[in-house]
file work22.cif (mmCIF, C-alpha atoms and all ligand atoms)
data_run
loop_
_atom_site.label_atom_id
_atom_site.label_comp_id
_atom_site.auth_asym_id
_atom_site.auth_seq_id
_atom_site.Cartn_x
_atom_site.Cartn_y
_atom_site.Cartn_z
CA MET B 26 -0.51 -24.64 15.24
CA SER B 27 1.05 -24.28 11.87
CA ARG B 28 1.32 -21.16 9.79
CA VAL B 29 1.68 -21.07 6.02
CA TYR B 30 3.71 -18.67 3.92
CA ASN B 31 0.95 -16.29 2.85
CA PHE B 32 1.64 -14.44 -0.41
CA SER B 33 -1.75 -12.70 -0.46
CA ALA B 34 -1.91 -9.20 -1.97
CA GLY B 35 -4.18 -8.04 0.83
CA PRO B 36 -5.30 -8.47 3.51
CA ALA B 37 -1.86 -9.88 3.89
CA VAL B 38 0.77 -11.38 6.17
CA LEU B 39 1.51 -9.57 9.44
CA PRO B 40 4.60 -10.01 11.64
CA GLU B 41 4.19 -13.04 13.90
CA GLU B 42 5.64 -11.08 16.84
CA VAL B 43 2.82 -8.54 16.49
CA LEU B 44 0.11 -11.19 16.34
CA LYS B 45 1.52 -12.93 19.43
CA GLU B 46 1.68 -9.68 21.39
CA ALA B 47 -1.89 -8.86 20.43
CA ALA B 48 -2.95 -12.35 21.51
CA ASP B 49 -1.25 -11.89 24.88
CA GLU B 50 -3.09 -8.60 25.40
CA MET B 51 -6.42 -9.79 24.05
CA LEU B 52 -8.30 -10.28 27.33
CA ASP B 53 -6.53 -7.70 29.47
CA TYR B 54 -4.74 -4.83 27.80
CA ARG B 55 -1.94 -3.85 30.19
CA GLY B 56 -3.93 -4.04 33.41
CA THR B 57 -7.06 -2.29 32.10
CA GLY B 58 -9.01 -5.52 32.53
CA MET B 59 -10.40 -5.27 29.02
CA SER B 60 -9.48 -5.79 25.39
CA VAL B 61 -8.60 -2.81 23.18
CA MET B 62 -11.73 -3.84 21.22
CA GLU B 63 -13.85 -3.14 24.28
CA MET B 64 -12.45 0.16 25.47
CA SER B 65 -13.70 3.71 24.91
CA HIS B 66 -11.89 5.55 22.17
CA ARG B 67 -11.92 8.49 24.61
CA SER B 68 -10.12 6.50 27.33
CA LYS B 69 -6.63 7.34 28.52
CA ALA B 70 -5.37 3.93 27.38
CA PHE B 71 -6.62 4.44 23.84
CA GLU B 72 -5.41 8.01 23.67
CA GLU B 73 -1.94 6.70 24.42
CA ILE B 74 -2.30 4.01 21.74
CA ILE B 75 -3.23 6.47 18.99
CA THR B 76 -0.75 9.22 19.92
CA THR B 77 2.09 6.70 20.21
CA ALA B 78 1.13 5.17 16.85
CA GLU B 79 1.15 8.58 15.19
CA GLN B 80 4.50 9.53 16.73
CA ASP B 81 6.11 6.24 15.70
CA LEU B 82 4.85 6.70 12.13
CA ARG B 83 6.21 10.26 12.13
CA ASP B 84 9.59 8.97 13.34
CA LEU B 85 9.71 6.17 10.75
CA MET B 86 8.81 8.35 7.75
CA GLY B 87 10.37 11.58 8.99
CA ILE B 88 7.03 13.35 8.61
CA PRO B 89 7.52 17.14 8.97
CA ASP B 90 5.43 19.15 11.46
CA ASN B 91 3.44 20.83 8.69
CA TYR B 92 1.84 17.51 7.73
CA LYS B 93 -1.11 15.92 9.53
CA VAL B 94 -1.48 12.17 10.00
CA LEU B 95 -5.09 10.96 9.83
CA PHE B 96 -6.39 7.49 10.70
CA LEU B 97 -9.59 7.11 8.67
CA GLN B 98 -12.00 4.46 7.42
CA GLY B 99 -13.54 3.58 4.06
CA GLY B 100 -10.42 1.98 2.64
CA ALA B 101 -8.20 3.39 -0.06
CA SER B 102 -11.23 3.45 -2.37
CA GLN B 103 -12.96 6.10 -0.25
CA GLN B 104 -9.99 8.37 -0.93
CA PHE B 105 -10.72 8.17 -4.66
CA ALA B 106 -13.63 10.53 -3.89
CA MET B 107 -12.32 12.31 -0.81
CA ILE B 108 -9.26 13.63 -2.66
CA PRO B 109 -11.17 15.49 -5.40
CA MET B 110 -13.88 16.65 -2.95
CA ASN B 111 -11.24 18.33 -0.80
CA LEU B 112 -8.56 19.31 -3.31
CA MET B 113 -10.34 20.18 -6.58
CA LYS B 114 -10.59 23.94 -6.12
CA ASN B 115 -10.37 24.55 -9.91
CA ARG B 116 -12.19 21.30 -10.66
CA VAL B 117 -9.24 20.06 -12.71
CA ALA B 118 -6.80 17.25 -11.94
CA ASP B 119 -4.17 15.25 -13.82
CA TYR B 120 -3.98 11.48 -13.44
CA ILE B 121 -1.20 9.09 -14.46
CA ILE B 122 -2.75 5.76 -15.32
CA THR B 123 -0.54 2.82 -14.38
CA GLY B 124 -3.16 0.20 -13.47
CA GLN B 125 -6.64 -0.59 -12.23
CA TRP B 126 -6.37 1.44 -9.02
CA ALA B 127 -5.30 4.64 -10.76
CA LYS B 128 -7.98 4.03 -13.37
CA LYS B 129 -10.66 3.71 -10.71
CA ALA B 130 -9.41 6.81 -8.91
CA ALA B 131 -9.55 8.83 -12.15
CA LYS B 132 -13.05 7.60 -12.94
CA GLU B 133 -14.29 8.59 -9.49
CA ALA B 134 -12.65 12.03 -9.71
CA GLU B 135 -14.54 12.61 -12.97
CA LYS B 136 -17.71 12.92 -10.89
CA TYR B 137 -16.32 16.13 -9.47
CA GLY B 138 -14.38 17.83 -12.23
CA LYS B 139 -12.27 17.55 -15.34
CA VAL B 140 -9.77 14.71 -15.29
CA ASN B 141 -6.82 14.78 -17.67
CA ARG B 142 -5.10 11.43 -18.14
CA ILE B 143 -1.66 12.83 -18.90
CA ALA B 144 0.15 9.48 -19.19
CA SER B 145 -0.76 5.81 -19.29
CA SER B 146 0.86 2.41 -19.65
CA GLU B 147 -2.34 0.65 -20.65
CA ASP B 148 -0.99 0.06 -24.20
CA LYS B 149 1.23 -2.70 -22.80
CA THR B 150 -1.09 -4.06 -20.08
CA PHE B 151 0.47 -1.78 -17.47
CA SER B 152 3.77 -3.69 -17.56
CA TYR B 153 5.85 -0.51 -17.20
CA ILE B 154 5.83 2.99 -15.73
CA PRO B 155 5.61 5.75 -18.36
CA ASP B 156 8.33 8.39 -18.62
CA CYS B 157 7.04 11.16 -16.37
CA SER B 158 9.92 13.62 -16.64
CA ASP B 159 8.16 16.10 -18.94
CA LEU B 160 4.41 15.51 -19.00
CA PRO B 161 1.80 17.99 -20.27
CA VAL B 162 0.76 18.95 -16.73
CA SER B 163 -2.37 21.14 -16.91
CA GLU B 164 -1.81 24.74 -15.95
CA ASP B 165 -4.91 24.83 -13.75
CA ALA B 166 -4.55 21.31 -12.31
CA ASP B 167 -5.28 21.15 -8.59
CA TYR B 168 -3.02 18.12 -8.26
CA VAL B 169 -1.24 15.32 -10.10
CA TYR B 170 -2.26 11.83 -9.02
CA ILE B 171 -0.28 8.58 -9.06
CA CYS B 172 -0.62 5.06 -7.74
CA GLU B 173 2.98 4.63 -6.63
CA ASN B 174 3.09 0.84 -6.43
CA ASN B 175 0.74 -1.08 -8.69
CA THR B 176 -0.40 -4.04 -6.63
CA ILE B 177 -1.99 -5.94 -9.51
CA TYR B 178 0.67 -5.42 -12.21
CA GLY B 179 3.80 -5.33 -10.02
CA THR B 180 5.26 -1.99 -11.13
CA LYS B 181 6.58 0.82 -8.97
CA PHE B 182 7.54 4.43 -9.64
CA LYS B 183 11.32 4.46 -8.99
CA LYS B 184 11.34 8.18 -9.64
CA LEU B 185 8.43 10.47 -8.85
CA PRO B 186 6.84 12.35 -11.76
CA ASN B 187 7.86 15.90 -12.52
CA THR B 188 4.62 17.67 -11.55
CA LYS B 189 5.94 21.08 -12.60
CA GLY B 190 5.12 22.56 -9.24
CA LYS B 191 1.67 20.98 -8.85
CA THR B 192 0.72 19.09 -5.70
CA LEU B 193 1.53 15.37 -5.89
CA VAL B 194 -1.05 12.94 -4.51
CA ALA B 195 0.03 9.30 -4.13
CA ASP B 196 -1.74 6.06 -3.32
CA VAL B 197 0.94 4.02 -1.53
CA SER B 198 -1.35 1.24 -0.26
CA SER B 199 0.95 -1.57 -1.37
CA CYS B 200 4.35 0.05 -0.70
CA PHE B 201 3.63 1.89 2.57
CA LEU B 202 6.74 1.74 4.83
CA SER B 203 8.59 -0.58 2.45
CA GLU B 204 11.46 1.90 1.98
CA PRO B 205 12.46 5.43 3.02
CA VAL B 206 10.38 8.27 1.57
CA ASP B 207 10.80 12.04 1.26
CA VAL B 208 7.40 13.21 2.50
CA THR B 209 8.08 16.81 1.43
CA LYS B 210 7.76 15.79 -2.23
CA TYR B 211 4.07 15.02 -1.74
CA GLY B 212 0.92 16.95 -0.87
CA VAL B 213 -0.95 13.80 0.11
CA ILE B 214 0.32 10.26 0.76
CA TYR B 215 -2.34 7.72 1.58
CA GLY B 216 -2.92 4.02 1.76
CA GLY B 217 -5.16 1.30 3.05
CA VAL B 218 -3.17 -0.49 5.75
CA GLN B 219 -4.26 -4.03 4.91
CA LYS B 220 -1.45 -4.55 2.41
CA ASN B 221 1.70 -3.72 4.33
CA ILE B 222 0.79 -2.44 7.79
CA GLY B 223 -2.23 -3.84 9.58
CA PRO B 224 -5.76 -5.22 9.44
CA ALA B 225 -8.36 -4.00 6.92
CA GLY B 226 -10.47 -1.08 8.11
CA VAL B 227 -7.87 1.67 8.50
CA VAL B 228 -6.64 4.06 5.84
CA ILE B 229 -3.79 6.40 6.73
CA VAL B 230 -3.68 9.84 5.13
CA ILE B 231 -0.59 12.03 5.45
CA ILE B 232 -1.53 15.49 4.21
CA ARG B 233 0.20 18.87 4.08
CA GLU B 234 -1.59 21.37 6.30
CA ASP B 235 -2.25 24.01 3.63
CA LEU B 236 -4.35 21.44 1.73
CA ILE B 237 -6.70 21.03 4.71
CA THR B 238 -9.36 23.73 4.33
CA GLU B 239 -13.06 24.40 4.79
CA ASP B 240 -13.19 25.31 1.11
CA VAL B 241 -14.31 21.90 -0.15
CA LEU B 242 -16.73 21.08 -2.97
CA PRO B 243 -20.37 21.89 -2.16
CA GLY B 244 -22.17 18.94 -0.65
CA THR B 245 -19.04 17.26 0.72
CA PRO B 246 -20.15 15.29 3.79
CA THR B 247 -18.64 16.24 7.16
CA MET B 248 -17.11 12.77 7.41
CA LEU B 249 -15.40 13.17 4.03
CA THR B 250 -13.82 16.52 4.87
CA TYR B 251 -10.15 16.24 5.90
CA LYS B 252 -10.51 19.23 8.21
CA THR B 253 -13.08 17.39 10.34
CA HIS B 254 -10.60 14.64 11.12
CA ALA B 255 -7.53 16.87 11.33
CA ASP B 256 -9.21 19.18 13.88
CA ALA B 257 -10.36 16.21 15.96
CA LYS B 258 -7.02 14.33 15.75
CA SER B 259 -8.79 11.39 14.05
CA LEU B 260 -11.30 11.18 16.92
CA TYR B 261 -14.27 13.05 15.40
CA ASN B 262 -16.23 9.83 15.64
CA THR B 263 -15.28 6.32 16.74
CA PRO B 264 -12.13 5.45 14.81
CA PRO B 265 -11.21 1.88 13.78
CA ALA B 266 -9.63 1.53 17.21
CA TYR B 267 -8.43 -2.07 17.18
CA GLY B 268 -6.92 -1.67 13.71
CA ILE B 269 -5.03 1.44 14.80
CA TYR B 270 -3.70 -0.50 17.79
CA ILE B 271 -2.31 -3.23 15.52
CA CYS B 272 -0.81 -0.63 13.15
CA GLY B 273 0.93 0.88 16.17
CA LYS B 274 2.46 -2.49 17.00
CA VAL B 275 3.67 -2.87 13.42
CA PHE B 276 5.31 0.58 13.58
CA LYS B 277 7.16 -0.55 16.74
CA TRP B 278 8.16 -3.77 14.97
CA ILE B 279 9.59 -1.84 12.01
CA LYS B 280 11.46 0.48 14.39
CA ALA B 281 12.95 -2.53 16.18
CA MET B 282 13.99 -3.99 12.81
CA GLY B 283 15.98 -0.82 12.12
CA GLY B 284 13.47 1.47 10.42
CA LEU B 285 12.80 2.06 6.73
CA ASP B 286 16.43 1.80 5.58
CA ALA B 287 16.60 -1.68 7.05
CA MET B 288 13.18 -2.53 5.58
CA LYS B 289 14.37 -1.52 2.13
CA GLU B 290 17.52 -3.62 2.43
CA ARG B 291 15.49 -6.60 3.61
CA ASN B 292 12.90 -6.14 0.85
CA GLU B 293 15.55 -5.82 -1.84
CA LYS B 294 17.25 -8.98 -0.64
CA LYS B 295 13.97 -10.89 -0.73
CA ALA B 296 12.87 -9.58 -4.13
CA LYS B 297 16.29 -10.34 -5.64
CA VAL B 298 16.00 -14.05 -4.83
CA LEU B 299 12.73 -14.24 -6.74
CA TYR B 300 13.63 -11.97 -9.67
CA ASP B 301 17.03 -13.65 -10.15
CA PHE B 302 15.29 -16.99 -10.37
CA LEU B 303 12.66 -15.67 -12.81
CA ASP B 304 15.37 -14.15 -15.03
CA GLN B 305 17.04 -17.51 -15.66
CA SER B 306 14.00 -19.80 -15.49
CA LYS B 307 13.01 -21.75 -18.60
CA LEU B 308 9.44 -22.20 -17.39
CA PHE B 309 8.46 -19.06 -15.47
CA LYS B 310 8.81 -15.48 -16.54
CA GLY B 311 8.17 -12.13 -14.92
CA THR B 312 5.69 -9.84 -16.65
CA VAL B 313 7.17 -6.42 -15.84
CA VAL B 314 10.06 -4.48 -17.45
CA LYS B 315 13.11 -4.77 -15.19
CA GLU B 316 13.55 -1.06 -14.37
CA ASP B 317 10.04 -0.73 -12.97
CA ARG B 318 9.78 -3.89 -10.91
CA SER B 319 8.03 -3.65 -7.56
CA LEU B 320 9.74 -4.91 -4.41
CA MET B 321 6.32 -5.86 -3.02
CA ASN B 322 4.24 -7.55 -5.73
CA VAL B 323 5.85 -9.96 -8.18
CA PRO B 324 3.62 -11.26 -10.99
CA PHE B 325 4.83 -14.15 -13.14
CA VAL B 326 3.46 -16.65 -15.66
CA THR B 327 4.32 -19.93 -17.34
CA GLY B 328 2.49 -18.93 -20.51
CA ASN B 329 0.09 -21.86 -20.10
CA ALA B 330 -3.08 -21.27 -18.07
CA ASP B 331 -3.49 -24.94 -17.13
CA LEU B 332 0.08 -25.13 -15.88
CA ASP B 333 -0.44 -21.90 -13.92
CA ALA B 334 -3.46 -23.43 -12.21
CA LYS B 335 -1.52 -26.62 -11.45
CA PHE B 336 1.28 -24.53 -9.95
CA VAL B 337 -1.07 -22.57 -7.69
CA LYS B 338 -2.75 -25.78 -6.51
CA GLU B 339 0.48 -27.66 -5.77
CA ALA B 340 2.07 -24.63 -4.13
CA LYS B 341 -0.89 -24.43 -1.76
CA GLU B 342 -0.45 -28.09 -0.87
CA ALA B 343 3.18 -27.25 -0.05
CA GLY B 344 2.16 -24.47 2.37
CA LEU B 345 2.66 -21.56 -0.07
CA GLU B 346 -0.71 -19.83 -0.20
CA ASN B 347 -2.49 -17.18 -2.26
CA LEU B 348 -0.18 -17.23 -5.28
CA LYS B 349 -2.97 -16.90 -7.84
CA GLY B 350 -2.69 -13.73 -9.92
CA HIS B 351 -5.36 -11.03 -9.84
CA ARG B 352 -8.61 -12.17 -11.45
CA THR B 353 -8.17 -9.57 -14.23
CA VAL B 354 -4.67 -10.70 -15.31
CA GLY B 355 -4.34 -14.42 -14.47
CA GLY B 356 -1.00 -16.16 -13.93
CA MET B 357 0.65 -15.91 -10.53
CA ARG B 358 1.56 -13.13 -8.15
CA ALA B 359 3.71 -13.34 -5.04
CA SER B 360 3.17 -10.44 -2.68
CA ILE B 361 6.25 -10.25 -0.50
CA TYR B 362 5.42 -7.42 1.88
CA ASN B 363 7.51 -6.29 4.88
CA ALA B 364 6.27 -9.12 7.09
CA MET B 365 7.10 -11.91 4.62
CA PRO B 366 10.30 -13.50 5.96
CA TYR B 367 13.29 -14.14 3.68
CA GLU B 368 12.79 -17.86 4.33
CA GLY B 369 9.33 -17.63 2.77
CA VAL B 370 10.71 -16.34 -0.51
CA VAL B 371 13.45 -18.98 -0.51
CA ALA B 372 10.81 -21.66 0.09
CA LEU B 373 8.83 -20.31 -2.87
CA VAL B 374 11.84 -20.30 -5.18
CA ASP B 375 12.81 -23.84 -4.10
CA PHE B 376 9.29 -24.96 -4.90
CA MET B 377 9.39 -23.22 -8.29
CA LYS B 378 12.67 -24.97 -9.14
CA LYS B 379 11.19 -28.34 -8.30
CA PHE B 380 8.03 -27.56 -10.27
CA GLU B 381 10.11 -26.51 -13.26
CA GLU B 382 12.09 -29.75 -13.23
CA GLU B 383 8.89 -31.79 -13.09
CA ASN B 384 6.95 -29.87 -15.71
CA LEU B 385 9.39 -28.63 -18.34
C1 LIG B 401 -5.87 -2.65 -2.48
C2 LIG B 401 -5.64 -1.33 -3.10
C3 LIG B 401 -6.65 -0.35 -3.14
C4 LIG B 401 -8.05 -0.59 -2.63
O1 LIG B 401 -8.04 -0.65 -1.26
P1 LIG B 401 -9.39 -0.77 -0.42
O2 LIG B 401 -8.92 -0.50 0.97
O3 LIG B 401 -9.92 -2.14 -0.63
O4 LIG B 401 -10.33 0.28 -0.90
C5 LIG B 401 -6.33 0.86 -3.70
N1 LIG B 401 -5.11 1.12 -4.17
C6 LIG B 401 -4.13 0.20 -4.15
C7 LIG B 401 -2.78 0.54 -4.69
C8 LIG B 401 -4.37 -1.05 -3.61
O5 LIG B 401 -3.39 -1.97 -3.59
#
call {"tool": "encode", "arguments": {"input": "work22.cif", "output": "C-alpha cells"}}
result
Amino acid sequence: MSRVYNFSAGPAVLPEEVLKEAADEMLDYRGTGMSVMEMSHRSKAFEEIITTAEQDLRDLMGIPDNYKVLFLQGGASQQFAMIPMNLMKNRVADYIITGQWAKKAAKEAEKYGKVNRIASSEDKTFSYIPDCSDLPVSEDADYVYICENNTIYGTKFKKLPNTKGKTLVADVSSCFLSEPVDVTKYGVIYGGVQKNIGPAGVVIVIIREDLITEDVLPGTPTMLTYKTHADAKSLYNTPPAYGIYICGKVFKWIKAMGGLDAMKERNEKKAKVLYDFLDQSKLFKGTVVKEDRSLMNVPFVTGNADLDAKFVKEAKEAGLENLKGHRTVGGMRASIYNAMPYEGVVALVDFMKKFEEENL
C-alpha cells in the first residue's frame, strides 16, 4: 500500500489514524457484529456515536448551550437556499462577495428576497478581502452573509465584518476546525465536512436557538426547516450515519492533537513553509494579497499555462496529487487542510525548488 500526498480541495485528505480505525471497525463495530453502515440510526450504538460526536464538536469549538448543532445533508450548497428560507423574515439580506461560493449563495437567496451585495472583491479576481469595518449594512437586513475562507481563491477573513448588530451567517466549509473560533459572534456557522472534517454527504450547521422558528417562508419543505432537525436532534429522518461516524473520529483526533489552538499552530507552521518559498521564488508566485492569505488553500502560478500544466503532471508523478487550480482560475492550488502532514508540505516545496531549478 502506498499513499500519496493529496492536495485536493475536497473531498480531501483525512487523518490516516482515522481511516485505519474505521477499517478495523468495518466488519464489526465494537462487538455489535455489524458495520456502522449497516446499523439502525435508532440503535443504541448509533445514538452514542452521534451524541459523542456532537459533544466533542461542542468541546472543540466551545459552542454555547444556546446554539444547536445539526448534522444535515445536501452539502453546503443546500444551505444557500435553506438560510434565506429560514432566516429571511423581512425578505432582505446583505451579502459580501469574496468568491464563487458567496456569489452562488447570493444568487440563490435572490429567489427568496432582496439581496444587497454590500461589498465585493471581484474587481481584482477575488485576490483580497474587502474592508468590512464600516459597510452600508441594510437597516432591515435579516442577516449579513460571508464565505469565511474562499476555497477557490485562497483568501480568508482575518477579522469578521462589522455587521452593525445584524446576525452574521458564515460558510466555513474550507476552514472548519482549522483554528479557534468565537461562536458567539455568529448566528449561523455552517460547512460541508468534505473539505476539512470527513467524507462528503454531511453538512454541519451550528445555529443560535432564537433563529430556529416555525416562522419560515411559505412553502419551505419540512426537510429544509431547521426546526425539524433541531427538534429531532438530527434524527428526523435517516441521517448520513456513516459520515457522522467518521466526523466523530476526526473530532477525537483533533482533541488528541491538542484541540483548535494546536491545530492553528500546526496549520500556521505548514502554511509558512509554502508561503515563505513562494515569496522568494523566481518562478512561482502566490496570487493573494499577504494580509488575507488562507491557511488552508494556497493558489499559485508560474505565469505560463504550459509550465503550470507541466508542473501539475510532474508533481503527480512524484506522488503529489491534485495540485491543479480550480477550473475557473487555472494555475495551481495546494489545499493543506488539518490532515495534511507537515512532511507533505515540505515534500511539495522541495519538489517546487527542483522544478524551478530545471525550468527557470
Ligand atoms: C466546496 C464548498 C462549497 C460547496 O460544497 P458542496 O458540499 O459541494 O455543496 C460551498 N462553500 C465552500 C466555501 C466550499 O469550499
call {"tool": "residues_near_ligand", "arguments": {"input": "work22.cif", "ligand": "ligand LIG 401 (chain B)", "cutoff": "10 Å", "atoms": "only C-alpha atoms and all ligand atoms", "output": "JSON, numbers by chain"}}
result
{"B": [34, 35, 36, 98, 99, 100, 101, 102, 103, 104, 105, 124, 125, 126, 127, 129, 130, 171, 172, 173, 174, 175, 176, 177, 195, 196, 197, 198, 199, 200, 201, 215, 216, 217, 218, 219, 220, 221, 225, 226, 227, 228, 322]}
call {"tool": "closest_residue", "arguments": {"input": "work22.cif", "among": "B:Ile361, B:Met107, B:Leu242, B:Leu373", "to": "Met321 of chain B", "atoms": "all atoms listed in the file"}}
result
B:Ile361
call {"tool": "residues_around", "arguments": {"input": "work22.cif", "residues": "Lys277 of chain B", "least_positions_apart": "5", "cutoff": "12 Å", "atoms": "all atoms listed in the file", "output": "list of chain:residue names"}}
result
B:Pro40, B:Glu42, B:Val43, B:Glu46, B:Ile74, B:Thr77, B:Ala78, B:Glu79, B:Gln80, B:Asp81, B:Leu82, B:Arg83, B:Asp84, B:Leu85, B:Ile222, B:Tyr270, B:Ile271, B:Cys272, B:Met282, B:Gly283, B:Gly284, B:Leu285
call {"tool": "closest_residue", "arguments": {"input": "work22.cif", "among": "B:Leu44, B:Lys295, B:Val354, B:Ile122", "to": "Ala330 of chain B", "atoms": "all atoms listed in the file"}}
result
B:Val354
call {"tool": "closest_residue", "arguments": {"input": "work22.cif", "among": "B:Met113, B:Val314, B:Val61, B:Leu348", "to": "Ser152 of chain B", "atoms": "all atoms listed in the file"}}
result
B:Val314
call {"tool": "closest_residue", "arguments": {"input": "work22.cif", "among": "B:Lys149, B:Lys310, B:Lys280, B:Lys294", "to": "Asp333 of chain B", "atoms": "all atoms listed in the file"}}
result
B:Lys310
call {"tool": "residues_around", "arguments": {"input": "work22.cif", "residues": "Met51 of chain B", "least_positions_apart": "5", "cutoff": "10 Å", "atoms": "all atoms listed in the file", "output": "ChimeraX atom specification"}}
result
/B:45-46,58-63
call {"tool": "closest_residue", "arguments": {"input": "work22.cif", "among": "B:Arg352, B:Lys114, B:Arg28, B:His66", "to": "Leu260 of chain B", "atoms": "only C-alpha atoms"}}
result
B:His66
call {"tool": "closest_residue", "arguments": {"input": "work22.cif", "among": "B:Tyr367, B:Phe32, B:Phe376, B:Tyr170", "to": "Glu293 of chain B", "atoms": "all atoms listed in the file"}}
result
B:Tyr367
call {"tool": "atom_distance", "arguments": {"input": "work22.cif", "atom1": "atom CA of Leu39 of chain B", "atom2": "atom CA of Pro265 of chain B"}}
result
17.7 Å
call {"tool": "atom_distance", "arguments": {"input": "work22.cif", "atom1": "atom CA of Glu239 of chain B", "atom2": "atom CA of Val194 of chain B"}}
result
19.0 Å
call {"tool": "decode", "arguments": {"input": "work22.cif", "residues": "segment 68-81 of chain B", "atoms": "N, CA and C atoms", "output": "compact mmCIF listing (two decimals), in the first residue's frame"}}
result
# COMPACT_ATOMS: atom_id res chain seq x y z
N SER B 68 -30.50 2.83 16.70
CA SER B 68 -29.90 1.87 17.64
C SER B 68 -29.13 2.60 18.74
N LYS B 69 -28.88 1.88 19.81
CA LYS B 69 -28.14 2.44 20.94
C LYS B 69 -26.72 2.80 20.50
N ALA B 70 -26.12 1.92 19.69
CA ALA B 70 -24.74 2.15 19.25
C ALA B 70 -24.66 3.44 18.44
N PHE B 71 -25.62 3.66 17.54
CA PHE B 71 -25.55 4.88 16.74
C PHE B 71 -25.89 6.12 17.55
N GLU B 72 -26.81 5.96 18.48
CA GLU B 72 -27.14 7.12 19.32
C GLU B 72 -25.89 7.60 20.05
N GLU B 73 -25.09 6.62 20.52
CA GLU B 73 -23.87 7.01 21.21
C GLU B 73 -22.88 7.68 20.25
N ILE B 74 -22.84 7.20 19.01
CA ILE B 74 -21.93 7.80 18.01
C ILE B 74 -22.30 9.26 17.77
N ILE B 75 -23.58 9.54 17.57
CA ILE B 75 -23.96 10.91 17.20
C ILE B 75 -23.91 11.86 18.41
N THR B 76 -24.28 11.36 19.60
CA THR B 76 -24.22 12.27 20.77
C THR B 76 -22.76 12.55 21.15
N THR B 77 -21.91 11.54 21.03
CA THR B 77 -20.49 11.76 21.34
C THR B 77 -19.87 12.73 20.32
N ALA B 78 -20.24 12.56 19.05
CA ALA B 78 -19.70 13.46 18.01
C ALA B 78 -20.12 14.89 18.32
N GLU B 79 -21.39 15.08 18.64
CA GLU B 79 -21.85 16.44 18.93
C GLU B 79 -21.12 17.03 20.14
N GLN B 80 -20.98 16.23 21.19
CA GLN B 80 -20.32 16.74 22.40
C GLN B 80 -18.86 17.09 22.12
N ASP B 81 -18.18 16.24 21.36
CA ASP B 81 -16.77 16.53 21.05
C ASP B 81 -16.64 17.81 20.22
